[in-house]
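Visitor: I am attaching a structure below and will ask some questions about it afterwards.
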Amino acid sequence: MAELRMPSLGADMEAGTLVEWKVKPGDAVRRGDLVAVVDTDKGAIDIEIWEDGVVERLLVPVGTKVPVGTALAAVRGEGAPEPTPPSAAAPEVAAPAAASPPAPTPIAPAERAPATPPAPPAGAARPRASPAARARARELGVDVGSVRGTGPDGAVTIADVEASAAPRGPSPMRQAIAAAMARSKREIPHYYLAADVDLSRALAWLAEENARRSVADRLLPAVLLLKATARAARAIPEVNGFHVDGAFRPSEAVHLGVAISLRQGGLVAPALHDVDRRPLGELMRDLTDLVTRARKGGLRSSELSDATLTVTSLGDLGAGAVYGVIYPPQVALVGFGKILTRPWAADGRVEARPVVTATLSGDHRVSDGLRGAQFLAELARLLETPEDL
Amino acid sequence: MTPEALREAVLALLGTIAPEVDLEEIRPSADLRDELDIDSMDFLRFVVQLEQRLGVSVPEADYPRIRTLDRCVAYLAEKGARELAPGARPEARS
């Protein structure tokens, strides 16, 4: 009998809350199936199971927060005999504290609030809000009338009220990012290198390629940058892997963590798998899907733990170069700034070319500047022959 | 489609890309990327929607012509945009 345990979904994760079971006892599962949803500082993550089998027992009820490593379910491997009825020795998990909303208190009619955009249905002078939302608003000192409702018919929800409240210290996500970044800077001796890369050939190739493709299949420059990064990481393995227990463990695969900013603030860097080996069209589709799920929920546990090297691109926002902080236990971070048209000297002439500044933050315990420089040189070389990517 | 209908259709599409933004507050002559805080991937999704929902394929070279709400509406009107039922296949047009 194997156990599905609460996975660690980030260097700093200590516990997670089980919010949904997608399987029940008796269900057959295959490796990679999504079996549960766990809420973490990084949002709701889908948990995959790592082996084939049949779900025997669910050990943790929905709503419970448990430390990383806690057994969540018992799974019987295929071919194993059915066990005898379970004894009472299975560890009990404490039931969650009741999470029901506070009982509604009568609302005085004098609480009529002015209509605010989006306007409530004509004739309604009072924004619709559930008693729970109103209670939360009172708790947080928020005027319900000034909150924009996103519930049915513009009703104000608890989430709307909370979003509207004055900031009360860092959110769980911000705290998680702070902890991870502080740890990184404490433990990893960072060095930083930068290289300007001429993207004229890459972007010209991309424009021709996109003119050939349908709109829905268009490629963004980002996939070229990601694939070139992955192939350069193959050539210089000291940037791709993990520093664990005092030693560097290079990774056989190149799974690039893609830093994605979330619309409500915050950052997550889920993995795109095997980036060096996959065609650009497929990478574009997967990247789009990854960004969508990062922002809407639905990231998978493997995506949060599998990245062997992370890439951050702030080009759209206008930063010329980014000198980022390595995500432990990874050993490097690649950054791309904004693609800018700059004067570029070539063949004895100066002309305007699209140029991007690529940066490498490296873990000096694992690589020296020489290897880091070789990595950036290889990256630049790969971007000069985009048709080979 | 009338300019008003086009405007409403474009705002509806933008609402799917930036759901938390109050669409009534978009300044019509401001760059949509700044107004909505969207990146190049969001913008590409918007362009895909323009083709799938309004039947207009925007070549990359024409992106500057759809950067603001006003310009986008004018461009779509010029290209004969019309509302397509979800799932309908847009005819090839540029």
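So you can find residues: chains in the structure tokens are A, B, ... in the order shown, residues in each start at 1, and ligands are numbered from 1 in order.
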Counting only C-alpha atoms, a student should be able to say which residues of chain A come within 12 Å of chain B; what is the right answer, written as a PyMOL selection string?
Guide: chain A and resi 116-119+148-150+160+163+203+206-223+260-265+284-285+287-292+295-296+313-318+338
Visitor: Might you pull out every residue within 9 Å of Arg201 (chain A), with only C-alpha atoms counted and same-chain residues fewer than 2 positions away left off, and present them as a PyMOL selection string?
Guide: chain A and resi 198-199+203-206+383-386
Visitor: Using N, CA, C and O atoms, can you write the selected residues to a file as a short mmCIF file (atom, residue, chain, number, x, y, z; two decimals), in the first residue's frame?
Guide:
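File written: selection_4.cif
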```cif
data_model
loop_
_atom_site.label_atom_id
_atom_site.label_comp_id
_atom_site.auth_asym_id
_atom_site.auth_seq_id
_atom_site.Cartn_x
_atom_site.Cartn_y
_atom_site.Cartn_z
N ASP A 198 22.09 40.55 -30.52
CA ASP A 198 21.47 41.11 -31.73
C ASP A 198 20.35 40.17 -32.18
O ASP A 198 20.60 39.03 -32.56
N LEU A 199 19.12 40.64 -32.14
CA LEU A 199 17.98 39.79 -32.49
C LEU A 199 17.45 40.05 -33.90
O LEU A 199 16.35 39.60 -34.24
N LEU A 203 14.21 38.05 -35.18
CA LEU A 203 12.90 38.70 -35.34
C LEU A 203 12.47 38.73 -36.80
O LEU A 203 11.27 38.63 -37.10
N ALA A 204 13.43 38.84 -37.71
CA ALA A 204 13.07 38.79 -39.13
C ALA A 204 12.51 37.41 -39.46
O ALA A 204 11.49 37.27 -40.15
N TRP A 205 13.17 36.38 -38.98
CA TRP A 205 12.71 35.01 -39.19
C TRP A 205 11.31 34.83 -38.59
O TRP A 205 10.42 34.23 -39.19
N LEU A 206 11.12 35.39 -37.38
CA LEU A 206 9.84 35.25 -36.70
C LEU A 206 8.71 35.94 -37.48
O LEU A 206 7.60 35.41 -37.62
N LEU A 383 20.57 32.25 -30.96
CA LEU A 383 19.56 33.21 -31.42
C LEU A 383 19.93 33.81 -32.77
O LEU A 383 19.08 34.42 -33.43
N GLU A 384 21.18 33.63 -33.19
CA GLU A 384 21.57 34.13 -34.52
C GLU A 384 21.17 33.17 -35.63
O GLU A 384 21.20 33.54 -36.80
N THR A 385 20.81 31.93 -35.29
CA THR A 385 20.35 30.98 -36.29
C THR A 385 18.96 30.47 -35.86
O THR A 385 18.80 29.31 -35.50
N PRO A 386 17.98 31.36 -35.92
CA PRO A 386 16.64 31.02 -35.40
C PRO A 386 15.99 29.87 -36.16
O PRO A 386 15.20 29.12 -35.60
#
```
Visitor: Which residue is closest to Ser305 (chain A)? Choose from A:Arg277, A:His255, A:Arg293, A:Lys227 and count only C-alpha atoms.
Guide: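 Under the stated criterion, the closest residue is A:His255.
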Visitor: Tell me, as a ChimeraX atom specification, which residues lie within 12 Å of Val73 (chain B), counting only C-alpha atoms; anything in the same chain fewer than 2 positions away does not count.
Guide: /B:1-11,28-29,50,54,56,65-71,75-82
Visitor: Mind checking DSSP for region 181-325 of chain A and telling me the strand (DSSP E) residues as a PyMOL selection string?
Guide: chain A and resi 190-198+241-244+247-250+256-258+260-261+267-268+271-272+299-300+309-313
Visitor: Between CA of Ala373 (chain A) and CA of Ala233 (chain A), what is the distance, to one decimal in Å?
Guide: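 It comes out at 12.1 Å.
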Visitor: Considering only helix (DSSP H, G or I) as DSSP defines it on the backbone, what residues of region 146-379 of chain A qualify? List them as a PyMOL selection string.
Guide: chain A and resi 146+152-154+158-164+172-187+200-212+215-217+221-235+237-239+275-277+280-296+301-305+315-317+369-379
Visitor: Set the distance at 7 Å and use only C-alpha atoms: which residues neighbour His243 (chain A) once local chain neighbours fewer than 4 positions away are removed? I'd like the list as a list in words.
Guide: Ala247, Phe248, Arg249, Pro329, Gln330 and Val331 of chain A
Visitor: Quick one: residues within 6 Å of Ser301 (chain A), only C-alpha atoms counted, chain neighbours fewer than 3 positions away excluded, as a ChimeraX atom specification?
Guide: /A:46-47,304
Visitor: Of the candidates A:Leu272, A:Ile158, A:Leu225, A:Val366, which shows the shortest atom-to-atom distance to Gly241 (chain A), using only C-alpha atoms?
Guide: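 Among the listed residues, the smallest separation from Gly241 (chain A) belongs to A:Val366.
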Visitor: Tell me, in Å to one decimal, how far CA of Glu252 (chain A) is from CA of Ala232 (chain A).
Guide: 13.7 Å
Visitor: Can you list, as a PDB file with N, CA and C atoms, in the first residue's frame, every protein, DNA or RNA residue that comes within 12 Å of Ala352 (chain A) when you count only C-alpha atoms, leaving out same-chain residues fewer than 3 positions away?
Guide:
```pdb
ATOM      1  N   ASP A 198      22.087  40.547 -30.522  1.00  0.00           N
ATOM      2  CA  ASP A 198      21.470  41.112 -31.726  1.00  0.00           C
ATOM      3  C   ASP A 198      20.354  40.170 -32.179  1.00  0.00           C
ATOM      4  N   LEU A 199      19.125  40.643 -32.137  1.00  0.00           N
ATOM      5  CA  LEU A 199      17.977  39.794 -32.489  1.00  0.00           C
ATOM      6  C   LEU A 199      17.451  40.050 -33.898  1.00  0.00           C
ATOM      7  N   SER A 200      18.226  40.776 -34.729  1.00  0.00           N
ATOM      8  CA  SER A 200      17.672  41.131 -36.036  1.00  0.00           C
ATOM      9  C   SER A 200      17.317  39.885 -36.838  1.00  0.00           C
ATOM     10  N   LEU A 340      15.054  46.358 -27.560  1.00  0.00           N
ATOM     11  CA  LEU A 340      15.105  47.771 -27.953  1.00  0.00           C
ATOM     12  C   LEU A 340      15.894  47.926 -29.232  1.00  0.00           C
ATOM     13  N   THR A 341      15.483  48.881 -30.029  1.00  0.00           N
ATOM     14  CA  THR A 341      16.265  49.190 -31.225  1.00  0.00           C
ATOM     15  C   THR A 341      17.429  50.064 -30.791  1.00  0.00           C
ATOM     16  N   ARG A 342      18.627  49.587 -31.054  1.00  0.00           N
ATOM     17  CA  ARG A 342      19.816  50.316 -30.602  1.00  0.00           C
ATOM     18  C   ARG A 342      20.824  50.390 -31.738  1.00  0.00           C
ATOM     19  N   PRO A 343      21.765  51.327 -31.648  1.00  0.00           N
ATOM     20  CA  PRO A 343      22.857  51.339 -32.636  1.00  0.00           C
ATOM     21  C   PRO A 343      23.730  50.110 -32.413  1.00  0.00           C
ATOM     22  N   TRP A 344      24.086  49.471 -33.516  1.00  0.00           N
ATOM     23  CA  TRP A 344      24.850  48.223 -33.425  1.00  0.00           C
ATOM     24  C   TRP A 344      25.919  48.257 -34.501  1.00  0.00           C
ATOM     25  N   ALA A 345      27.131  47.936 -34.103  1.00  0.00           N
ATOM     26  CA  ALA A 345      28.237  47.973 -35.064  1.00  0.00           C
ATOM     27  C   ALA A 345      28.420  46.599 -35.666  1.00  0.00           C
ATOM     28  N   ALA A 346      28.389  46.522 -36.986  1.00  0.00           N
ATOM     29  CA  ALA A 346      28.633  45.241 -37.664  1.00  0.00           C
ATOM     30  C   ALA A 346      29.199  45.558 -39.035  1.00  0.00           C
ATOM     31  N   ARG A 349      30.075  49.066 -39.995  1.00  0.00           N
ATOM     32  CA  ARG A 349      29.029  50.106 -40.068  1.00  0.00           C
ATOM     33  C   ARG A 349      28.251  50.115 -38.761  1.00  0.00           C
ATOM     34  N   VAL A 355      17.926  44.786 -30.206  1.00  0.00           N
ATOM     35  CA  VAL A 355      18.904  44.158 -29.307  1.00  0.00           C
ATOM     36  C   VAL A 355      18.240  43.889 -27.970  1.00  0.00           C
TER      37      VAL A 355
END
```
